[in-house]
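Just my_file-v8.cif here, mmCIF, C-alpha atoms:
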data_data
#
loop_
_atom_site.group_PDB
_atom_site.id
_atom_site.type_symbol
_atom_site.label_atom_id
_atom_site.label_comp_id
_atom_site.auth_asym_id
_atom_site.auth_seq_id
_atom_site.Cartn_x
_atom_site.Cartn_y
_atom_site.Cartn_z
ATOM 1 C CA GLU A 356 22.598 3.132 53.445
ATOM 2 C CA TYR A 357 24.026 4.965 56.455
ATOM 3 C CA MET A 358 22.925 8.006 58.477
ATOM 4 C CA LEU A 359 25.267 10.153 60.531
ATOM 5 C CA VAL A 360 24.990 13.345 62.561
ATOM 6 C CA LEU A 361 27.812 15.862 62.180
ATOM 7 C CA SER A 362 29.200 17.979 65.028
ATOM 8 C CA ASP A 363 26.841 20.900 64.217
ATOM 9 C CA GLY A 364 23.751 18.683 64.271
ATOM 10 C CA THR A 365 23.489 18.361 60.476
ATOM 11 C CA LYS A 366 22.056 14.981 59.426
ATOM 12 C CA VAL A 367 23.429 13.170 56.395
ATOM 13 C CA TRP A 368 22.016 10.036 54.783
ATOM 14 C CA MET A 369 24.571 8.222 52.613
ATOM 15 C CA ASN A 370 23.486 6.113 49.661
ATOM 16 C CA SER A 371 25.314 2.916 48.715
ATOM 17 C CA ALA A 372 28.859 3.132 47.303
ATOM 18 C CA SER A 373 29.260 6.674 48.690
ATOM 19 C CA GLU A 374 31.919 8.388 50.794
ATOM 20 C CA LEU A 375 31.837 11.552 52.911
ATOM 21 C CA GLN A 376 34.936 13.241 54.332
ATOM 22 C CA TYR A 377 34.287 15.585 57.263
ATOM 23 C CA PRO A 378 36.104 16.969 60.338
ATOM 24 C CA VAL A 379 35.338 15.788 63.856
ATOM 25 C CA VAL A 380 34.602 19.432 64.751
ATOM 26 C CA PHE A 381 33.912 22.240 62.261
ATOM 27 C CA GLY A 382 35.947 25.460 62.288
ATOM 28 C CA LYS A 383 34.718 28.928 63.227
ATOM 29 C CA GLU A 384 34.285 30.284 59.667
ATOM 30 C CA SER A 385 32.694 27.458 57.670
ATOM 31 C CA ARG A 386 31.446 23.873 57.739
ATOM 32 C CA ARG A 387 33.076 22.019 54.877
ATOM 33 C CA VAL A 388 32.686 18.366 53.795
ATOM 34 C CA ARG A 389 33.613 16.425 50.651
ATOM 35 C CA LEU A 390 31.275 13.954 48.921
ATOM 36 C CA SER A 391 31.805 11.141 46.444
ATOM 37 C CA GLY A 392 28.591 9.310 45.549
ATOM 38 C CA GLU A 393 25.119 10.325 46.717
ATOM 39 C CA ALA A 394 23.847 11.844 49.957
ATOM 40 C CA TYR A 395 20.789 13.629 51.331
ATOM 41 C CA PHE A 396 21.502 16.534 53.702
ATOM 42 C CA GLU A 397 19.383 18.186 56.392
ATOM 43 C CA VAL A 398 21.641 21.093 57.326
ATOM 44 C CA THR A 399 21.432 22.803 60.717
ATOM 45 C CA LYS A 400 20.953 26.545 60.270
ATOM 46 C CA ASP A 401 23.958 28.729 61.094
ATOM 47 C CA SER A 402 23.931 32.310 59.778
ATOM 48 C CA ILE A 403 27.661 32.744 60.434
ATOM 49 C CA ARG A 404 29.156 29.486 59.163
ATOM 50 C CA PRO A 405 27.953 28.369 55.717
ATOM 51 C CA PHE A 406 27.784 24.632 55.052
ATOM 52 C CA ILE A 407 29.811 23.686 51.954
ATOM 53 C CA VAL A 408 29.801 20.362 50.112
ATOM 54 C CA GLU A 409 32.786 19.853 47.811
ATOM 55 C CA VAL A 410 32.500 17.484 44.862
ATOM 56 C CA ASP A 411 35.067 16.661 42.203
ATOM 57 C CA ARG A 412 34.783 17.996 38.623
ATOM 58 C CA GLY A 413 35.297 21.414 40.184
ATOM 59 C CA PHE A 414 32.019 22.314 41.816
ATOM 60 C CA GLU A 415 30.676 22.822 45.319
ATOM 61 C CA VAL A 416 27.333 23.545 46.983
ATOM 62 C CA LYS A 417 27.025 26.272 49.620
ATOM 63 C CA VAL A 418 24.083 26.523 52.049
ATOM 64 C CA LEU A 419 23.113 28.074 55.373
ATOM 65 C CA GLY A 420 20.298 25.704 56.328
ATOM 66 C CA THR A 421 18.305 23.532 53.964
ATOM 67 C CA HIS A 422 17.332 20.053 52.725
ATOM 68 C CA PHE A 423 18.913 18.879 49.471
ATOM 69 C CA ASN A 424 20.270 15.872 47.617
ATOM 70 C CA ILE A 425 23.548 15.542 45.698
ATOM 71 C CA LYS A 426 24.149 12.665 43.286
ATOM 72 C CA ALA A 427 27.786 12.655 42.172
ATOM 73 C CA TYR A 428 29.090 9.172 41.392
ATOM 74 C CA ASP A 429 32.313 9.417 39.398
ATOM 75 C CA THR A 430 30.972 6.803 36.942
ATOM 76 C CA ASP A 431 27.909 8.901 36.044
ATOM 77 C CA ASP A 432 27.768 11.121 32.966
ATOM 78 C CA CYS A 433 26.437 14.035 35.007
ATOM 79 C CA TYR A 434 26.122 15.251 38.605
ATOM 80 C CA GLU A 435 22.834 16.443 40.108
ATOM 81 C CA THR A 436 22.029 18.831 42.945
ATOM 82 C CA THR A 437 18.320 18.762 43.872
ATOM 83 C CA LEU A 438 16.870 21.281 46.331
ATOM 84 C CA VAL A 439 13.948 20.170 48.508
ATOM 85 C CA GLU A 440 13.736 23.039 50.991
ATOM 86 C CA GLY A 441 15.552 26.352 51.575
ATOM 87 C CA LYS A 442 18.135 27.758 49.164
ATOM 88 C CA VAL A 443 21.559 26.692 47.908
ATOM 89 C CA GLN A 444 24.251 28.148 45.687
ATOM 90 C CA VAL A 445 26.199 25.928 43.307
ATOM 91 C CA PHE A 446 29.691 27.115 42.343
ATOM 92 C CA GLN A 447 31.802 25.828 39.443
ATOM 93 C CA GLU A 448 35.529 26.350 39.058
ATOM 94 C CA ASN A 449 34.929 28.353 35.871
ATOM 95 C CA GLY A 450 33.276 31.049 38.009
ATOM 96 C CA THR A 451 29.663 30.090 37.365
ATOM 97 C CA LYS A 452 27.362 30.603 40.357
ATOM 98 C CA VAL A 453 23.750 29.422 40.314
ATOM 99 C CA THR A 454 21.195 29.880 43.105
ATOM 100 C CA LEU A 455 18.539 27.166 43.335
ATOM 101 C CA GLU A 456 15.014 27.505 44.679
ATOM 102 C CA PRO A 457 12.948 24.576 46.093
ATOM 103 C CA SER A 458 12.056 21.944 43.449
ATOM 104 C CA GLU A 459 14.907 23.075 41.204
ATOM 105 C CA GLN A 460 17.756 20.828 40.107
ATOM 106 C CA MET A 461 21.123 21.722 38.605
ATOM 107 C CA VAL A 462 22.721 19.137 36.335
ATOM 108 C CA ILE A 463 26.427 19.429 35.482
ATOM 109 C CA GLY A 464 27.877 17.352 32.650
ATOM 110 C CA GLN A 465 31.405 16.034 32.354
ATOM 111 C CA ASN A 466 32.228 18.979 30.071
ATOM 112 C CA GLY A 467 31.227 21.433 32.812
ATOM 113 C CA LYS A 468 28.074 22.646 31.066
ATOM 114 C CA HIS A 469 25.072 22.961 33.338
ATOM 115 C CA GLU A 470 21.281 22.980 33.136
ATOM 116 C CA VAL A 471 18.723 24.073 35.729
ATOM 117 C CA ARG A 472 15.279 22.494 35.638
ATOM 118 C CA VAL A 473 12.160 22.173 37.775
ATOM 119 C CA VAL A 474 11.639 18.594 39.002
ATOM 120 C CA ASN A 475 9.475 16.451 41.222
ATOM 121 C CA THR A 476 11.837 16.150 44.199
ATOM 122 C CA SER A 477 10.142 12.992 45.525
ATOM 123 C CA TYR A 478 11.692 11.085 42.625
ATOM 124 C CA TYR A 479 15.224 12.174 43.515
ATOM 125 C CA ILE A 480 14.976 11.549 47.268
ATOM 126 C CA ALA A 481 13.038 8.268 47.036
ATOM 127 C CA TRP A 482 16.200 6.312 47.930
ATOM 128 C CA HIS A 483 16.406 8.232 51.218
ATOM 129 C CA GLU A 484 12.877 7.041 52.016
ATOM 130 C CA GLY A 485 13.634 3.392 51.155
ATOM 131 C CA TRP A 486 12.488 3.164 47.524
ATOM 132 C CA PHE A 487 13.789 2.610 44.032
ATOM 133 C CA TYR A 488 11.863 5.092 41.871
ATOM 134 C CA PHE A 489 12.242 4.886 38.084
ATOM 135 C CA ASN A 490 10.699 7.376 35.681
ATOM 136 C CA ASP A 491 11.141 6.322 32.052
ATOM 137 C CA GLU A 492 14.777 5.387 32.633
ATOM 138 C CA SER A 493 16.768 2.915 30.562
ATOM 139 C CA LEU A 494 17.179 -0.585 31.934
ATOM 140 C CA GLU A 495 20.937 0.003 32.042
ATOM 141 C CA GLN A 496 20.444 3.029 34.350
ATOM 142 C CA VAL A 497 18.025 1.057 36.507
ATOM 143 C CA LEU A 498 20.395 -1.888 36.889
ATOM 144 C CA THR A 499 23.307 0.446 37.675
ATOM 145 C CA MET A 500 21.296 1.852 40.581
ATOM 146 C CA ILE A 501 20.217 -1.589 41.793
ATOM 147 C CA GLY A 502 23.741 -2.958 41.368
ATOM 148 C CA ARG A 503 25.174 -0.312 43.694
ATOM 149 C CA TRP A 504 22.655 -1.208 46.396
ATOM 150 C CA TYR A 505 23.054 -5.005 46.222
ATOM 151 C CA ASP A 506 26.767 -4.956 45.250
ATOM 152 C CA ILE A 507 26.273 -6.950 42.047
ATOM 153 C CA ASP A 508 27.140 -6.576 38.355
ATOM 154 C CA PHE A 509 24.957 -6.997 35.275
ATOM 155 C CA ASN A 510 25.697 -8.345 31.817
ATOM 156 C CA PHE A 511 23.427 -7.925 28.763
ATOM 157 C CA GLU A 512 23.450 -10.940 26.461
ATOM 158 C CA ALA A 513 21.554 -9.275 23.615
ATOM 159 C CA GLU A 514 21.578 -5.863 21.966
ATOM 160 C CA GLY A 515 18.735 -3.502 22.718
ATOM 161 C CA LEU A 516 17.929 -4.827 26.182
ATOM 162 C CA ASN A 517 19.873 -2.072 27.932
ATOM 163 C CA GLY A 518 17.663 0.586 26.343
ATOM 164 C CA ILE A 519 14.306 -0.762 27.538
ATOM 165 C CA ALA A 520 12.403 2.068 29.282
ATOM 166 C CA VAL A 521 11.411 1.372 32.894
ATOM 167 C CA THR A 522 8.881 3.225 35.043
ATOM 168 C CA GLY A 523 7.930 2.053 38.521
ATOM 169 C CA LYS A 524 8.510 2.152 42.259
ATOM 170 C CA LEU A 525 10.019 -0.723 44.257
ATOM 171 C CA ARG A 526 10.793 -1.070 47.966
ATOM 172 C CA ARG A 527 14.566 -0.995 48.406
ATOM 173 C CA PHE A 528 14.765 -3.562 51.145
ATOM 174 C CA GLU A 529 13.052 -6.340 49.197
ATOM 175 C CA ASN A 530 15.119 -9.449 48.551
ATOM 176 C CA LEU A 531 17.052 -9.170 45.291
ATOM 177 C CA SER A 532 15.172 -12.146 43.825
ATOM 178 C CA VAL A 533 11.901 -10.254 44.395
ATOM 179 C CA ILE A 534 13.290 -7.207 42.580
ATOM 180 C CA LEU A 535 14.430 -9.342 39.628
ATOM 181 C CA LYS A 536 11.035 -11.059 39.339
ATOM 182 C CA MET A 537 9.323 -7.681 39.273
ATOM 183 C CA LEU A 538 11.719 -6.463 36.598
ATOM 184 C CA GLU A 539 10.929 -9.566 34.533
ATOM 185 C CA LYS A 540 7.243 -8.620 34.548
ATOM 186 C CA ILE A 541 7.978 -4.985 33.723
ATOM 187 C CA THR A 542 10.607 -5.482 31.006
ATOM 188 C CA GLY A 543 9.854 -8.918 29.545
ATOM 189 C CA ALA A 544 13.532 -9.880 29.890
ATOM 190 C CA ARG A 545 14.999 -12.815 31.830
ATOM 191 C CA TYR A 546 17.421 -12.345 34.753
ATOM 192 C CA ASN A 547 19.757 -15.092 35.888
ATOM 193 C CA LEU A 548 21.821 -14.583 39.072
ATOM 194 C CA THR A 549 25.111 -16.484 39.410
ATOM 195 C CA ASP A 550 27.436 -15.531 42.258
ATOM 196 C CA ARG A 551 27.349 -11.720 42.068
ATOM 197 C CA MET A 552 26.589 -11.433 38.349
ATOM 198 C CA VAL A 553 23.115 -11.072 36.828
ATOM 199 C CA THR A 554 22.841 -12.026 33.171
ATOM 200 C CA VAL A 555 20.034 -10.270 31.283
ATOM 201 C CA SER A 556 18.700 -12.112 28.228
ATOM 202 C CA ARG A 557 15.640 -12.290 26.027
ATOM 203 C CA LYS A 558 12.896 -14.753 26.892
ATOM 204 C CA ASN A 559 12.184 -17.344 24.223
ATOM 205 C CA ASN A 560 8.676 -17.761 22.832
ATOM 206 C CA ARG A 561 7.910 -20.707 25.123
ATOM 207 C CA GLU A 562 8.364 -18.706 28.332
#

Turn this file's structure into structure tokens for me.
Amino acid sequence: EYMLVLSDGTKVWMNSASELQYPVVFGKESRRVRLSGEAYFEVTKDSIRPFIVEVDRGFEVKVLGTHFNIKAYDTDDCYETTLVEGKVQVFQENGTKVTLEPSEQMVIGQNGKHEVRVVNTSYYIAWHEGWFYFNDESLEQVLTMIGRWYDIDFNFEAEGLNGIAVTGKLRRFENLSVILKMLEKITGARYNLTDRMVTVSRKNNRE
């Protein structure tokens, strides 16, 4: 995780495996950056120069001053823009423009179709506050998130394990072994770490 302050005073927190492209100094008409991955923005207000975040798959987020989170890993099935405070506009290359209010989230699928829903924003910005927060997510989704943070891969030895539903909240800075032990209690599966690969298997009846 990495925090930086842009030339206009905007603060950006970068999640693991993320990249932000930005100019040393913004121009006179707009403040434009490009994101790959996930980041939380606290944008400095500027009524003249809108702040624009470009993401691939043909969409961008335009704001004047607000707090919001964008999750846009190229390996994910969908991209999410979650508004915490203020107001943002999400533009798609097909001409769609959607304005979000606080606690609203816009989800864009790989096919370009979008959905707007009301969410609990604390769940989507938990990483920014140092937590893993899972709400009835599949074990595969959970391990993808953990794998990005600890730079490890996971392998499922048996069918059905990847679909186990997980709900819980874990401190992000715990040692990986602590996280895996907690997941064992939650999921009933066994986790074996070798080098940078975690093998997930079923426990036998004697364990």

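Atom CA of Val418 of chain A to atom CA of Lys400 of chain A spans 8.8 Å [interatomic distance, one decimal].
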
Closest of A:Thr549, A:Asn424, A:Thr499, A:Thr522 to Glu393 of chain A - atom-to-atom distances counting all atoms listed in the file: A:Asn424

Top pick for closest residue to Ile519 of chain A, considering A:Leu498, A:Thr430, A:Thr451, A:Ser493 and counting only C-alpha atoms: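 When distances to Ile519 of chain A are compared using only C-alpha atoms, the smallest one comes from A:Ser493.
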
Residues selected by the PyMOL selection byres ((chain A and resi 371) around 9), written as a list in words: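 This file gives the following for the PyMOL selection byres ((chain A and resi 371) around 9): Glu356, Tyr357, Met369, Asn370, Ala372, Ser373, Glu374, Gly392, Glu393, Arg503, Trp504, Tyr505 and Asp506 of chain A.
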
Evaluate the PyMOL selection byres ((chain A and resi 381) around 12) and report residues as a VMD selection string: chain A and resid 361 to 365 377 to 380 382 to 388 401 404 to 407

Residues within 12 Å of (12.4, 28.7, 37.4), file coords, all atoms listed in the file, listed as a ChimeraX atom specification: /A:453-461,470-474

Because some atoms of segment 360-372 of chain A are absent here, can you restore N, CA, C and O atoms and send them as a PDB file, in the frame of the given file?
ATOM      1  N   VAL A 360      25.242  11.989  62.086  1.00  0.00           N
ATOM      2  CA  VAL A 360      24.990  13.345  62.561  1.00  0.00           C
ATOM      3  C   VAL A 360      26.341  14.016  62.764  1.00  0.00           C
ATOM      4  O   VAL A 360      27.184  13.531  63.515  1.00  0.00           O
ATOM      5  N   LEU A 361      26.549  15.141  62.081  1.00  0.00           N
ATOM      6  CA  LEU A 361      27.812  15.862  62.180  1.00  0.00           C
ATOM      7  C   LEU A 361      27.850  16.707  63.458  1.00  0.00           C
ATOM      8  O   LEU A 361      26.853  16.830  64.164  1.00  0.00           O
ATOM      9  N   SER A 362      29.003  17.295  63.747  1.00  0.00           N
ATOM     10  CA  SER A 362      29.200  17.979  65.028  1.00  0.00           C
ATOM     11  C   SER A 362      28.268  19.170  65.221  1.00  0.00           C
ATOM     12  O   SER A 362      27.981  19.573  66.348  1.00  0.00           O
ATOM     13  N   ASP A 363      27.750  19.750  64.114  1.00  0.00           N
ATOM     14  CA  ASP A 363      26.841  20.900  64.217  1.00  0.00           C
ATOM     15  C   ASP A 363      25.377  20.490  64.273  1.00  0.00           C
ATOM     16  O   ASP A 363      24.490  21.340  64.316  1.00  0.00           O
ATOM     17  N   GLY A 364      25.117  19.180  64.256  1.00  0.00           N
ATOM     18  CA  GLY A 364      23.751  18.683  64.271  1.00  0.00           C
ATOM     19  C   GLY A 364      23.190  18.364  62.902  1.00  0.00           C
ATOM     20  O   GLY A 364      22.077  17.834  62.785  1.00  0.00           O
ATOM     21  N   THR A 365      23.928  18.682  61.832  1.00  0.00           N
ATOM     22  CA  THR A 365      23.489  18.361  60.476  1.00  0.00           C
ATOM     23  C   THR A 365      23.373  16.846  60.308  1.00  0.00           C
ATOM     24  O   THR A 365      24.261  16.099  60.714  1.00  0.00           O
ATOM     25  N   LYS A 366      22.269  16.407  59.676  1.00  0.00           N
ATOM     26  CA  LYS A 366      22.056  14.981  59.426  1.00  0.00           C
ATOM     27  C   LYS A 366      22.362  14.682  57.964  1.00  0.00           C
ATOM     28  O   LYS A 366      21.964  15.433  57.070  1.00  0.00           O
ATOM     29  N   VAL A 367      23.062  13.574  57.748  1.00  0.00           N
ATOM     30  CA  VAL A 367      23.429  13.170  56.395  1.00  0.00           C
ATOM     31  C   VAL A 367      23.084  11.703  56.204  1.00  0.00           C
ATOM     32  O   VAL A 367      23.485  10.857  57.009  1.00  0.00           O
ATOM     33  N   TRP A 368      22.321  11.414  55.153  1.00  0.00           N
ATOM     34  CA  TRP A 368      22.016  10.036  54.783  1.00  0.00           C
ATOM     35  C   TRP A 368      22.859   9.679  53.569  1.00  0.00           C
ATOM     36  O   TRP A 368      22.787  10.345  52.529  1.00  0.00           O
ATOM     37  N   MET A 369      23.680   8.629  53.686  1.00  0.00           N
ATOM     38  CA  MET A 369      24.571   8.222  52.613  1.00  0.00           C
ATOM     39  C   MET A 369      23.959   7.072  51.824  1.00  0.00           C
ATOM     40  O   MET A 369      23.519   6.078  52.407  1.00  0.00           O
ATOM     41  N   ASN A 370      23.941   7.204  50.511  1.00  0.00           N
ATOM     42  CA  ASN A 370      23.486   6.113  49.661  1.00  0.00           C
ATOM     43  C   ASN A 370      24.617   5.104  49.499  1.00  0.00           C
ATOM     44  O   ASN A 370      25.752   5.350  49.920  1.00  0.00           O
ATOM     45  N   SER A 371      24.313   3.957  48.890  1.00  0.00           N
ATOM     46  CA  SER A 371      25.314   2.916  48.715  1.00  0.00           C
ATOM     47  C   SER A 371      26.467   3.394  47.848  1.00  0.00           C
ATOM     48  O   SER A 371      26.312   4.286  47.008  1.00  0.00           O
ATOM     49  N   ALA A 372      27.645   2.816  48.064  1.00  0.00           N
ATOM     50  CA  ALA A 372      28.859   3.132  47.303  1.00  0.00           C
ATOM     51  C   ALA A 372      29.200   4.617  47.355  1.00  0.00           C
ATOM     52  O   ALA A 372      29.639   5.211  46.374  1.00  0.00           O
TER      53      ALA A 372
END
